[in-house]
file target-v8.txt (compact mmCIF, N, CA and C atoms)
# COMPACT_ATOMS: atom_id res chain seq x y z
N PHE A 1 6.81 26.66 -11.35
CA PHE A 1 6.53 27.50 -12.48
C PHE A 1 5.08 27.91 -12.43
N TYR A 2 4.85 29.18 -12.63
CA TYR A 2 3.49 29.69 -12.72
C TYR A 2 3.24 30.06 -14.17
N ALA A 3 2.48 29.21 -14.84
CA ALA A 3 2.19 29.39 -16.25
C ALA A 3 0.69 29.45 -16.47
N GLN A 4 -0.01 30.07 -15.53
CA GLN A 4 -1.46 30.07 -15.55
C GLN A 4 -2.05 30.67 -16.81
N ASN A 5 -1.44 31.69 -17.34
CA ASN A 5 -1.97 32.36 -18.51
C ASN A 5 -1.14 32.12 -19.76
N ALA A 6 -0.27 31.12 -19.70
CA ALA A 6 0.52 30.79 -20.88
C ALA A 6 -0.40 30.15 -21.91
N GLY A 7 -0.21 30.50 -23.16
CA GLY A 7 -1.00 29.86 -24.20
C GLY A 7 -0.69 28.37 -24.23
N ASP A 8 0.53 28.05 -24.60
CA ASP A 8 0.99 26.66 -24.64
C ASP A 8 2.21 26.55 -23.75
N PHE A 9 2.16 25.66 -22.78
CA PHE A 9 3.28 25.47 -21.86
C PHE A 9 3.93 24.13 -22.13
N ASN A 10 5.23 24.14 -22.44
CA ASN A 10 5.98 22.93 -22.75
C ASN A 10 7.14 22.77 -21.79
N ILE A 11 7.31 21.55 -21.28
CA ILE A 11 8.46 21.25 -20.44
C ILE A 11 9.15 20.03 -21.02
N SER A 12 10.46 20.13 -21.18
CA SER A 12 11.26 19.05 -21.74
C SER A 12 12.31 18.63 -20.72
N CYS A 13 12.28 17.36 -20.36
CA CYS A 13 13.22 16.80 -19.38
C CYS A 13 14.01 15.70 -20.09
N THR A 14 15.25 15.99 -20.40
CA THR A 14 16.07 15.05 -21.15
C THR A 14 17.32 14.73 -20.36
N GLY A 15 17.50 13.44 -20.06
CA GLY A 15 18.66 13.00 -19.29
C GLY A 15 18.26 12.55 -17.90
N SER A 16 19.16 11.88 -17.26
CA SER A 16 18.91 11.31 -15.94
C SER A 16 18.60 12.40 -14.91
N SER A 17 17.45 12.27 -14.25
CA SER A 17 17.01 13.19 -13.20
C SER A 17 17.03 14.65 -13.64
N ALA A 18 16.61 14.91 -14.87
CA ALA A 18 16.66 16.27 -15.42
C ALA A 18 15.69 17.22 -14.71
N CYS A 19 14.51 16.74 -14.35
CA CYS A 19 13.50 17.59 -13.72
C CYS A 19 13.05 16.92 -12.42
N GLN A 20 13.29 17.60 -11.30
CA GLN A 20 12.97 17.03 -9.99
C GLN A 20 12.23 18.05 -9.13
N THR A 21 11.37 17.54 -8.27
CA THR A 21 10.65 18.32 -7.26
C THR A 21 10.17 19.66 -7.85
N MET A 22 9.21 19.57 -8.75
CA MET A 22 8.70 20.75 -9.43
C MET A 22 7.20 20.90 -9.20
N MET A 23 6.75 22.14 -9.19
CA MET A 23 5.34 22.44 -9.15
C MET A 23 5.04 23.33 -10.34
N ILE A 24 4.18 22.84 -11.22
CA ILE A 24 3.82 23.60 -12.41
C ILE A 24 2.34 23.92 -12.32
N ASN A 25 2.01 25.20 -12.22
CA ASN A 25 0.63 25.64 -12.17
C ASN A 25 0.28 26.24 -13.52
N ALA A 26 -0.44 25.45 -14.32
CA ALA A 26 -0.83 25.88 -15.66
C ALA A 26 -2.33 25.70 -15.84
N THR A 27 -3.08 25.99 -14.79
CA THR A 27 -4.52 25.71 -14.80
C THR A 27 -5.28 26.47 -15.87
N SER A 28 -4.82 27.63 -16.28
CA SER A 28 -5.53 28.42 -17.29
C SER A 28 -4.80 28.48 -18.62
N ALA A 29 -3.79 27.67 -18.78
CA ALA A 29 -3.09 27.62 -20.07
C ALA A 29 -3.98 26.94 -21.10
N ARG A 30 -3.67 27.14 -22.37
CA ARG A 30 -4.42 26.47 -23.43
C ARG A 30 -4.03 25.00 -23.50
N SER A 31 -2.71 24.72 -23.40
CA SER A 31 -2.24 23.34 -23.47
C SER A 31 -0.98 23.17 -22.64
N VAL A 32 -0.75 21.95 -22.21
CA VAL A 32 0.46 21.59 -21.46
C VAL A 32 1.06 20.34 -22.10
N SER A 33 2.37 20.37 -22.31
CA SER A 33 3.08 19.22 -22.86
C SER A 33 4.28 18.91 -21.98
N LEU A 34 4.41 17.63 -21.64
CA LEU A 34 5.57 17.14 -20.90
C LEU A 34 6.27 16.11 -21.76
N TYR A 35 7.57 16.33 -22.00
CA TYR A 35 8.40 15.38 -22.73
C TYR A 35 9.51 14.95 -21.78
N ALA A 36 9.62 13.63 -21.56
CA ALA A 36 10.65 13.12 -20.66
C ALA A 36 11.35 11.93 -21.31
N SER A 37 12.68 11.98 -21.32
CA SER A 37 13.47 10.91 -21.91
C SER A 37 14.72 10.70 -21.06
N GLY A 38 14.87 9.48 -20.54
CA GLY A 38 16.02 9.17 -19.69
C GLY A 38 15.57 8.66 -18.35
N ASN A 39 16.48 8.10 -17.58
CA ASN A 39 16.16 7.52 -16.30
C ASN A 39 15.73 8.60 -15.30
N TYR A 40 14.50 8.50 -14.81
CA TYR A 40 13.92 9.49 -13.91
C TYR A 40 14.01 10.91 -14.48
N ALA A 41 13.86 11.05 -15.79
CA ALA A 41 13.94 12.36 -16.43
C ALA A 41 12.94 13.33 -15.79
N TRP A 42 11.68 12.90 -15.64
CA TRP A 42 10.69 13.64 -14.85
C TRP A 42 10.55 12.87 -13.56
N ASP A 43 11.32 13.26 -12.55
CA ASP A 43 11.28 12.59 -11.25
C ASP A 43 10.17 13.27 -10.47
N GLY A 44 8.98 12.70 -10.60
CA GLY A 44 7.80 13.34 -10.07
C GLY A 44 7.55 13.20 -8.59
N TYR A 45 8.46 12.55 -7.86
CA TYR A 45 8.25 12.44 -6.42
C TYR A 45 8.21 13.84 -5.85
N ASN A 46 7.11 14.20 -5.24
CA ASN A 46 6.87 15.55 -4.73
C ASN A 46 6.81 16.59 -5.85
N SER A 47 6.41 16.16 -7.05
CA SER A 47 6.22 17.08 -8.17
C SER A 47 4.76 17.07 -8.60
N TYR A 48 4.30 18.22 -9.07
CA TYR A 48 2.90 18.37 -9.42
C TYR A 48 2.76 19.15 -10.71
N ILE A 49 1.81 18.73 -11.54
CA ILE A 49 1.39 19.52 -12.69
C ILE A 49 -0.10 19.76 -12.52
N TYR A 50 -0.47 21.05 -12.37
CA TYR A 50 -1.87 21.43 -12.24
C TYR A 50 -2.35 21.93 -13.60
N ALA A 51 -3.20 21.16 -14.24
CA ALA A 51 -3.66 21.49 -15.59
C ALA A 51 -5.14 21.15 -15.75
N TRP A 52 -5.94 21.47 -14.75
CA TRP A 52 -7.36 21.12 -14.75
C TRP A 52 -8.10 21.63 -15.98
N ASN A 53 -7.87 22.87 -16.32
CA ASN A 53 -8.73 23.54 -17.30
C ASN A 53 -8.15 23.63 -18.70
N VAL A 54 -7.03 23.00 -18.95
CA VAL A 54 -6.42 23.10 -20.28
C VAL A 54 -7.27 22.35 -21.31
N ASN A 55 -7.12 22.75 -22.57
CA ASN A 55 -7.81 22.04 -23.64
C ASN A 55 -7.16 20.70 -23.93
N THR A 56 -5.82 20.68 -23.89
CA THR A 56 -5.09 19.44 -24.14
C THR A 56 -3.89 19.34 -23.21
N MET A 57 -3.63 18.11 -22.79
CA MET A 57 -2.42 17.82 -22.02
C MET A 57 -1.78 16.59 -22.67
N ASN A 58 -0.53 16.76 -23.09
CA ASN A 58 0.21 15.70 -23.76
C ASN A 58 1.41 15.30 -22.93
N MET A 59 1.59 14.00 -22.77
CA MET A 59 2.76 13.47 -22.07
C MET A 59 3.44 12.45 -22.98
N THR A 60 4.75 12.60 -23.14
CA THR A 60 5.56 11.63 -23.87
C THR A 60 6.67 11.18 -22.95
N CYS A 61 6.72 9.86 -22.69
CA CYS A 61 7.67 9.30 -21.74
C CYS A 61 8.45 8.19 -22.43
N ILE A 62 9.77 8.40 -22.56
CA ILE A 62 10.61 7.47 -23.31
C ILE A 62 11.66 6.88 -22.38
N GLY A 63 11.64 5.55 -22.26
CA GLY A 63 12.59 4.89 -21.37
C GLY A 63 13.24 3.69 -22.03
N ASP A 64 14.49 3.46 -21.68
CA ASP A 64 15.22 2.28 -22.13
C ASP A 64 15.08 1.23 -21.02
N VAL A 65 15.91 0.24 -21.01
CA VAL A 65 15.81 -0.82 -20.01
C VAL A 65 15.88 -0.21 -18.61
N ASN A 66 14.83 -0.43 -17.82
CA ASN A 66 14.73 0.06 -16.44
C ASN A 66 14.78 1.58 -16.30
N ASP A 67 14.53 2.31 -17.36
CA ASP A 67 14.44 3.77 -17.28
C ASP A 67 12.99 4.16 -17.07
N ASN A 68 12.67 4.73 -15.95
CA ASN A 68 11.34 5.23 -15.67
C ASN A 68 11.34 6.71 -15.99
N ALA A 69 11.10 7.07 -17.23
CA ALA A 69 11.22 8.46 -17.65
C ALA A 69 10.24 9.38 -16.92
N CYS A 70 8.98 8.97 -16.80
CA CYS A 70 7.97 9.74 -16.05
C CYS A 70 7.70 8.97 -14.78
N TYR A 71 8.31 9.39 -13.70
CA TYR A 71 8.31 8.60 -12.48
C TYR A 71 7.47 9.24 -11.39
N THR A 72 6.43 8.57 -10.99
CA THR A 72 5.65 8.80 -9.78
C THR A 72 5.18 10.24 -9.57
N GLY A 73 4.67 10.87 -10.60
CA GLY A 73 4.20 12.24 -10.49
C GLY A 73 2.77 12.36 -10.03
N ASN A 74 2.35 13.58 -9.82
CA ASN A 74 0.98 13.93 -9.47
C ASN A 74 0.48 14.87 -10.56
N TYR A 75 -0.54 14.43 -11.29
CA TYR A 75 -1.00 15.15 -12.46
C TYR A 75 -2.48 15.49 -12.28
N TYR A 76 -2.82 16.76 -12.28
CA TYR A 76 -4.19 17.21 -12.18
C TYR A 76 -4.63 17.57 -13.60
N VAL A 77 -5.44 16.71 -14.19
CA VAL A 77 -5.66 16.71 -15.63
C VAL A 77 -7.10 17.07 -15.99
N PRO A 78 -7.31 17.49 -17.26
CA PRO A 78 -8.67 17.76 -17.73
C PRO A 78 -9.42 16.45 -17.96
N GLU A 79 -10.74 16.55 -18.02
CA GLU A 79 -11.57 15.37 -18.24
C GLU A 79 -11.44 14.84 -19.67
N THR A 80 -11.16 15.70 -20.62
CA THR A 80 -10.93 15.29 -22.01
C THR A 80 -9.63 15.93 -22.48
N GLY A 81 -9.07 15.40 -23.55
CA GLY A 81 -7.88 16.00 -24.14
C GLY A 81 -6.57 15.52 -23.55
N LEU A 82 -6.57 14.41 -22.82
CA LEU A 82 -5.33 13.87 -22.24
C LEU A 82 -4.74 12.83 -23.18
N THR A 83 -3.48 13.03 -23.56
CA THR A 83 -2.76 12.09 -24.43
C THR A 83 -1.50 11.64 -23.71
N ILE A 84 -1.31 10.32 -23.63
CA ILE A 84 -0.12 9.75 -23.00
C ILE A 84 0.53 8.80 -23.99
N ASP A 85 1.77 9.11 -24.38
CA ASP A 85 2.55 8.27 -25.29
C ASP A 85 3.72 7.66 -24.51
N CYS A 86 3.75 6.33 -24.45
CA CYS A 86 4.77 5.61 -23.69
C CYS A 86 5.64 4.79 -24.62
N TYR A 87 6.94 4.89 -24.40
CA TYR A 87 7.91 4.11 -25.18
C TYR A 87 8.78 3.34 -24.20
N GLY A 88 8.88 2.02 -24.45
CA GLY A 88 9.67 1.17 -23.55
C GLY A 88 9.12 1.23 -22.15
N THR A 89 9.99 1.41 -21.18
CA THR A 89 9.57 1.48 -19.77
C THR A 89 9.38 2.93 -19.30
N GLY A 90 9.18 3.83 -20.23
CA GLY A 90 9.06 5.25 -19.90
C GLY A 90 7.91 5.60 -18.96
N CYS A 91 6.83 4.82 -18.97
CA CYS A 91 5.66 5.11 -18.13
C CYS A 91 5.55 4.20 -16.91
N ASP A 92 6.53 3.36 -16.70
CA ASP A 92 6.49 2.47 -15.55
C ASP A 92 6.52 3.33 -14.29
N TYR A 93 5.61 3.12 -13.37
CA TYR A 93 5.48 3.91 -12.14
C TYR A 93 5.17 5.37 -12.43
N ILE A 94 4.28 5.60 -13.37
CA ILE A 94 3.97 6.96 -13.81
C ILE A 94 3.33 7.82 -12.73
N GLY A 95 2.48 7.24 -11.90
CA GLY A 95 1.97 8.01 -10.77
C GLY A 95 0.47 8.18 -10.73
N TYR A 96 0.05 9.35 -10.21
CA TYR A 96 -1.35 9.63 -9.89
C TYR A 96 -1.93 10.69 -10.80
N PHE A 97 -3.11 10.40 -11.35
CA PHE A 97 -3.84 11.34 -12.18
C PHE A 97 -5.11 11.72 -11.42
N TYR A 98 -5.30 13.03 -11.20
CA TYR A 98 -6.46 13.53 -10.48
C TYR A 98 -7.35 14.30 -11.45
N VAL A 99 -8.65 14.11 -11.32
CA VAL A 99 -9.61 14.78 -12.20
C VAL A 99 -10.81 15.21 -11.37
N TRP A 100 -11.50 16.29 -11.79
CA TRP A 100 -12.64 16.80 -11.03
C TRP A 100 -13.72 15.75 -10.86
N ASN A 101 -14.23 15.23 -11.95
CA ASN A 101 -15.33 14.28 -11.89
C ASN A 101 -14.93 12.91 -12.41
N GLN A 102 -14.71 12.83 -13.71
CA GLN A 102 -14.29 11.56 -14.32
C GLN A 102 -13.50 11.85 -15.58
N ILE A 103 -12.58 10.99 -15.88
CA ILE A 103 -11.86 11.12 -17.15
C ILE A 103 -12.75 10.54 -18.23
N GLN A 104 -13.10 11.39 -19.17
CA GLN A 104 -13.99 10.97 -20.24
C GLN A 104 -13.24 10.46 -21.45
N GLN A 105 -11.97 10.89 -21.58
CA GLN A 105 -11.21 10.47 -22.75
C GLN A 105 -9.72 10.50 -22.44
N ILE A 106 -9.05 9.40 -22.72
CA ILE A 106 -7.58 9.33 -22.68
C ILE A 106 -7.14 8.71 -23.99
N ASP A 107 -6.22 9.37 -24.66
CA ASP A 107 -5.59 8.78 -25.85
C ASP A 107 -4.26 8.22 -25.37
N TYR A 108 -4.22 6.92 -25.19
CA TYR A 108 -3.05 6.25 -24.59
C TYR A 108 -2.41 5.34 -25.63
N LYS A 109 -1.12 5.53 -25.84
CA LYS A 109 -0.38 4.69 -26.80
C LYS A 109 0.84 4.12 -26.12
N MET A 110 1.10 2.85 -26.38
CA MET A 110 2.28 2.21 -25.82
C MET A 110 3.05 1.50 -26.92
N ASN A 111 4.33 1.81 -27.00
CA ASN A 111 5.24 1.09 -27.88
C ASN A 111 6.25 0.42 -26.95
N GLN A 112 6.14 -0.89 -26.82
CA GLN A 112 6.98 -1.63 -25.88
C GLN A 112 8.45 -1.62 -26.26
N CYS A 113 8.75 -1.39 -27.51
CA CYS A 113 10.13 -1.37 -28.01
C CYS A 113 10.87 -2.66 -27.65
N GLY A 114 10.14 -3.74 -27.42
CA GLY A 114 10.76 -5.02 -27.08
C GLY A 114 11.39 -5.07 -25.70
N LEU A 115 11.09 -4.07 -24.85
CA LEU A 115 11.73 -3.98 -23.53
C LEU A 115 10.89 -4.55 -22.40
N CYS A 116 9.59 -4.68 -22.63
CA CYS A 116 8.70 -5.13 -21.56
C CYS A 116 7.42 -5.67 -22.18
N GLY A 117 6.58 -6.26 -21.35
CA GLY A 117 5.29 -6.76 -21.81
C GLY A 117 4.19 -5.80 -21.43
N TYR A 118 2.98 -6.04 -21.97
CA TYR A 118 1.86 -5.16 -21.65
C TYR A 118 1.58 -5.11 -20.16
N ASP A 119 1.89 -6.17 -19.45
CA ASP A 119 1.63 -6.20 -18.01
C ASP A 119 2.79 -5.66 -17.19
N THR A 120 3.91 -5.32 -17.82
CA THR A 120 5.05 -4.79 -17.07
C THR A 120 5.54 -3.43 -17.56
N CYS A 121 5.02 -2.94 -18.68
CA CYS A 121 5.46 -1.64 -19.20
C CYS A 121 4.94 -0.48 -18.37
N ILE A 122 3.79 -0.66 -17.77
CA ILE A 122 3.22 0.41 -16.97
C ILE A 122 2.64 -0.17 -15.68
N GLU A 123 3.14 0.33 -14.59
CA GLU A 123 2.66 -0.04 -13.27
C GLU A 123 2.39 1.24 -12.50
N ARG A 124 1.59 1.15 -11.49
CA ARG A 124 1.27 2.30 -10.64
C ARG A 124 0.74 3.49 -11.44
N PHE A 125 -0.28 3.21 -12.20
CA PHE A 125 -1.04 4.22 -12.93
C PHE A 125 -2.37 4.35 -12.19
N TYR A 126 -2.54 5.42 -11.44
CA TYR A 126 -3.72 5.59 -10.60
C TYR A 126 -4.54 6.77 -11.09
N ILE A 127 -5.87 6.63 -11.03
CA ILE A 127 -6.77 7.73 -11.36
C ILE A 127 -7.64 7.99 -10.14
N ARG A 128 -7.65 9.22 -9.69
CA ARG A 128 -8.46 9.63 -8.54
C ARG A 128 -9.45 10.69 -9.00
N CYS A 129 -10.71 10.49 -8.72
CA CYS A 129 -11.75 11.41 -9.15
C CYS A 129 -12.34 12.16 -7.96
N GLY A 130 -12.82 13.39 -8.21
CA GLY A 130 -13.51 14.17 -7.20
C GLY A 130 -12.61 14.81 -6.17
N LEU A 131 -11.45 15.28 -6.59
CA LEU A 131 -10.52 15.92 -5.64
C LEU A 131 -10.18 17.33 -6.08
N TYR A 132 -10.11 18.22 -5.10
CA TYR A 132 -9.57 19.55 -5.36
C TYR A 132 -8.06 19.45 -5.49
N TRP A 133 -7.43 20.49 -6.02
CA TRP A 133 -5.97 20.48 -6.16
C TRP A 133 -5.28 20.35 -4.81
N SER A 134 -5.95 20.80 -3.77
CA SER A 134 -5.36 20.72 -2.44
C SER A 134 -5.45 19.30 -1.87
N GLY A 135 -6.24 18.44 -2.52
CA GLY A 135 -6.39 17.08 -2.06
C GLY A 135 -7.64 16.83 -1.24
N SER A 136 -8.42 17.90 -0.96
CA SER A 136 -9.64 17.71 -0.19
C SER A 136 -10.78 17.27 -1.11
N SER A 137 -11.76 16.62 -0.57
CA SER A 137 -12.85 16.07 -1.34
C SER A 137 -13.81 17.16 -1.79
N ILE A 138 -14.40 16.98 -2.98
CA ILE A 138 -15.39 17.92 -3.48
C ILE A 138 -16.70 17.78 -2.73
N SER A 139 -17.11 16.55 -2.49
CA SER A 139 -18.44 16.35 -1.86
C SER A 139 -18.37 16.46 -0.35

call {"tool": "encode", "arguments": {"input": "target-v8.txt", "output": "structure tokens"}}
result
Amino acid sequence: FYAQNAGDFNISCTGSSACQTMMINATSARSVSLYASGNYAWDGYNSYIYAWNVNTMNMTCIGDVNDNACYTGNYYVPETGLTIDCYGTGCDYIGYFYVWNQIQQIDYKMNQCGLCGYDTCIERFYIRCGLYWSGSSIS
């Protein structure tokens, strides 16, 4: 999807494997929102969201027992304005977050829903700084 000049870009992935192998280029949009509910609803393996310059990026990931709603994606995010809401195991194996310099602000909320502990609700949450969208180093 090329949503570079979209004001607000919203993607909703509901159900098992609803969104797979996607590239979303929304670098000049005002905001980007990802809503995922269900097992591998956002199956981010080989999927990318480019949202470097947006004012806000919101992610909501809702999972039941062993449901990885937002699974192993690649997210190119702004330094401020990133919100991640996790329910149950929805953010387990969420993936890689890339930022130009450093993430200055993340609004992160987790509701375990009695399905997991703080040490098991989210795994494989990586932040990489100083990378271009192509993956090459800035310096």

call {"tool": "closest_residue", "arguments": {"input": "target-v8.txt", "among": "A:Tyr108, A:Val54, A:Asn46, A:Ser37", "to": "Gly88 of chain A", "atoms": "only C-alpha atoms"}}
result
A:Ser37

call {"tool": "residues_near_point", "arguments": {"input": "target-v8.txt", "point": "(-7.3, 13.0, -12.2)", "cutoff": "5 Å", "atoms": "all atoms listed in the file", "output": "PDB file with N, CA and C atoms, keeping the file's coordinate frame"}}
result
ATOM      1  N   VAL A  77      -5.440  16.710 -14.190  1.00  0.00           N
ATOM      2  CA  VAL A  77      -5.660  16.710 -15.630  1.00  0.00           C
ATOM      3  C   VAL A  77      -7.100  17.070 -15.990  1.00  0.00           C
ATOM      4  N   PHE A  97      -3.110  10.400 -11.350  1.00  0.00           N
ATOM      5  CA  PHE A  97      -3.840  11.340 -12.180  1.00  0.00           C
ATOM      6  C   PHE A  97      -5.110  11.720 -11.420  1.00  0.00           C
ATOM      7  N   TYR A  98      -5.300  13.030 -11.200  1.00  0.00           N
ATOM      8  CA  TYR A  98      -6.460  13.530 -10.480  1.00  0.00           C
ATOM      9  C   TYR A  98      -7.350  14.300 -11.450  1.00  0.00           C
ATOM     10  N   VAL A  99      -8.650  14.110 -11.320  1.00  0.00           N
ATOM     11  CA  VAL A  99      -9.610  14.780 -12.200  1.00  0.00           C
ATOM     12  C   VAL A  99     -10.810  15.210 -11.370  1.00  0.00           C
ATOM     13  N   ARG A 128      -7.650   9.220  -9.690  1.00  0.00           N
ATOM     14  CA  ARG A 128      -8.460   9.630  -8.540  1.00  0.00           C
ATOM     15  C   ARG A 128      -9.450  10.690  -9.000  1.00  0.00           C
TER      16      ARG A 128
END

call {"tool": "atom_distance", "arguments": {"input": "target-v8.txt", "atom1": "atom CA of Tyr45 of chain A", "atom2": "atom CA of Asn10 of chain A"}}
result
19.5 Å

call {"tool": "atom_distance", "arguments": {"input": "target-v8.txt", "atom1": "atom C of Asp119 of chain A", "atom2": "atom C of Asp43 of chain A"}}
result
21.4 Å

call {"tool": "closest_residue", "arguments": {"input": "target-v8.txt", "among": "A:Ala69, A:Glu123, A:Asn111, A:Ile103", "to": "Asp85 of chain A", "atoms": "only C-alpha atoms"}}
result
A:Asn111

call {"tool": "atom_distance", "arguments": {"input": "target-v8.txt", "atom1": "atom N of Ala18 of chain A", "atom2": "atom C of Tyr75 of chain A"}}
result
19.3 Å

call {"tool": "closest_residue", "arguments": {"input": "target-v8.txt", "among": "A:Tyr40, A:Arg30, A:Val65, A:Arg124", "to": "Pro78 of chain A", "atoms": "only C-alpha atoms"}}
result
A:Arg30

call {"tool": "residues_near_point", "arguments": {"input": "target-v8.txt", "point": "(21.7, 14.8, -20.2)", "cutoff": "10 Å", "atoms": "only C-alpha atoms", "output": "PDB file with N, CA and C atoms, keeping the file's coordinate frame"}}
result
ATOM      1  N   CYS A  13      12.280  17.360 -20.360  1.00  0.00           N
ATOM      2  CA  CYS A  13      13.220  16.800 -19.380  1.00  0.00           C
ATOM      3  C   CYS A  13      14.010  15.700 -20.090  1.00  0.00           C
ATOM      4  N   THR A  14      15.250  15.990 -20.400  1.00  0.00           N
ATOM      5  CA  THR A  14      16.070  15.050 -21.150  1.00  0.00           C
ATOM      6  C   THR A  14      17.320  14.730 -20.360  1.00  0.00           C
ATOM      7  N   GLY A  15      17.500  13.440 -20.060  1.00  0.00           N
ATOM      8  CA  GLY A  15      18.660  13.000 -19.290  1.00  0.00           C
ATOM      9  C   GLY A  15      18.260  12.550 -17.900  1.00  0.00           C
ATOM     10  N   SER A  16      19.160  11.880 -17.260  1.00  0.00           N
ATOM     11  CA  SER A  16      18.910  11.310 -15.940  1.00  0.00           C
ATOM     12  C   SER A  16      18.600  12.400 -14.910  1.00  0.00           C
ATOM     13  N   SER A  17      17.450  12.270 -14.250  1.00  0.00           N
ATOM     14  CA  SER A  17      17.010  13.190 -13.200  1.00  0.00           C
ATOM     15  C   SER A  17      17.030  14.650 -13.640  1.00  0.00           C
ATOM     16  N   ALA A  18      16.610  14.910 -14.870  1.00  0.00           N
ATOM     17  CA  ALA A  18      16.660  16.270 -15.420  1.00  0.00           C
ATOM     18  C   ALA A  18      15.690  17.220 -14.710  1.00  0.00           C
ATOM     19  N   SER A  37      12.680  11.980 -21.320  1.00  0.00           N
ATOM     20  CA  SER A  37      13.470  10.910 -21.910  1.00  0.00           C
ATOM     21  C   SER A  37      14.720  10.700 -21.060  1.00  0.00           C
ATOM     22  N   GLY A  38      14.870   9.480 -20.540  1.00  0.00           N
ATOM     23  CA  GLY A  38      16.020   9.170 -19.690  1.00  0.00           C
ATOM     24  C   GLY A  38      15.570   8.660 -18.350  1.00  0.00           C
ATOM     25  N   ASN A  39      16.480   8.100 -17.580  1.00  0.00           N
ATOM     26  CA  ASN A  39      16.160   7.520 -16.300  1.00  0.00           C
ATOM     27  C   ASN A  39      15.730   8.600 -15.300  1.00  0.00           C
ATOM     28  N   ALA A  41      13.860  11.050 -15.790  1.00  0.00           N
ATOM     29  CA  ALA A  41      13.940  12.360 -16.430  1.00  0.00           C
ATOM     30  C   ALA A  41      12.940  13.330 -15.790  1.00  0.00           C
TER      31      ALA A  41
END

call {"tool": "closest_residue", "arguments": {"input": "target-v8.txt", "among": "A:Ala26, A:Cys19, A:Cys86, A:Ile62", "to": "Tyr118 of chain A", "atoms": "only C-alpha atoms"}}
result
A:Cys86

call {"tool": "select_by_dssp", "arguments": {"input": "target-v8.txt", "residues": "chain A", "states": "strand (DSSP E or B)", "output": "PyMOL selection string"}}
result
chain A and resi 2+8-14+19-20+23-25+31-37+42-43+48-50+56-63+70-71+73-76+82-88+95-99+106-111+125-129+131+137

call {"tool": "build_atoms", "arguments": {"input": "target-v8.txt", "residues": "segment 45-49 of chain A", "atoms": "all heavy atoms", "output": "tab-separated table (two decimals), keeping the file's coordinate frame"}}
result
chain	number	residue	atom	x	y	z
A	45	TYR	N	8.46	12.55	-7.86
A	45	TYR	CA	8.25	12.44	-6.42
A	45	TYR	C	8.21	13.84	-5.85
A	45	TYR	O	9.14	14.63	-6.01
A	45	TYR	CB	9.38	11.62	-5.78
A	45	TYR	CG	9.17	11.41	-4.30
A	45	TYR	CD1	8.21	10.51	-3.85
A	45	TYR	CD2	9.92	12.12	-3.38
A	45	TYR	CE1	8.00	10.33	-2.49
A	45	TYR	CE2	9.72	11.93	-2.02
A	45	TYR	CZ	8.76	11.04	-1.58
A	45	TYR	OH	8.55	10.88	-0.24
A	46	ASN	N	7.11	14.20	-5.24
A	46	ASN	CA	6.87	15.55	-4.73
A	46	ASN	C	6.81	16.59	-5.85
A	46	ASN	O	7.13	17.75	-5.63
A	46	ASN	CB	7.90	15.97	-3.68
A	46	ASN	CG	7.69	15.25	-2.37
A	46	ASN	OD1	6.55	14.98	-1.99
A	46	ASN	ND2	8.77	14.94	-1.69
A	47	SER	N	6.41	16.16	-7.05
A	47	SER	CA	6.22	17.08	-8.17
A	47	SER	C	4.76	17.07	-8.60
A	47	SER	O	4.09	16.03	-8.52
A	47	SER	CB	7.11	16.70	-9.35
A	47	SER	OG	8.46	16.94	-9.04
A	48	TYR	N	4.30	18.22	-9.07
A	48	TYR	CA	2.90	18.37	-9.42
A	48	TYR	C	2.76	19.15	-10.71
A	48	TYR	O	3.48	20.12	-10.94
A	48	TYR	CB	2.15	19.14	-8.32
A	48	TYR	CG	2.20	18.43	-7.00
A	48	TYR	CD1	3.29	18.60	-6.14
A	48	TYR	CD2	1.17	17.59	-6.61
A	48	TYR	CE1	3.34	17.93	-4.92
A	48	TYR	CE2	1.22	16.93	-5.40
A	48	TYR	CZ	2.30	17.10	-4.56
A	48	TYR	OH	2.36	16.43	-3.37
A	49	ILE	N	1.81	18.73	-11.54
A	49	ILE	CA	1.39	19.52	-12.69
A	49	ILE	C	-0.10	19.76	-12.52
A	49	ILE	O	-0.90	18.83	-12.48
A	49	ILE	CB	1.65	18.80	-14.03
A	49	ILE	CG1	3.15	18.60	-14.25
A	49	ILE	CG2	1.05	19.62	-15.19
A	49	ILE	CD1	3.50	17.85	-15.53
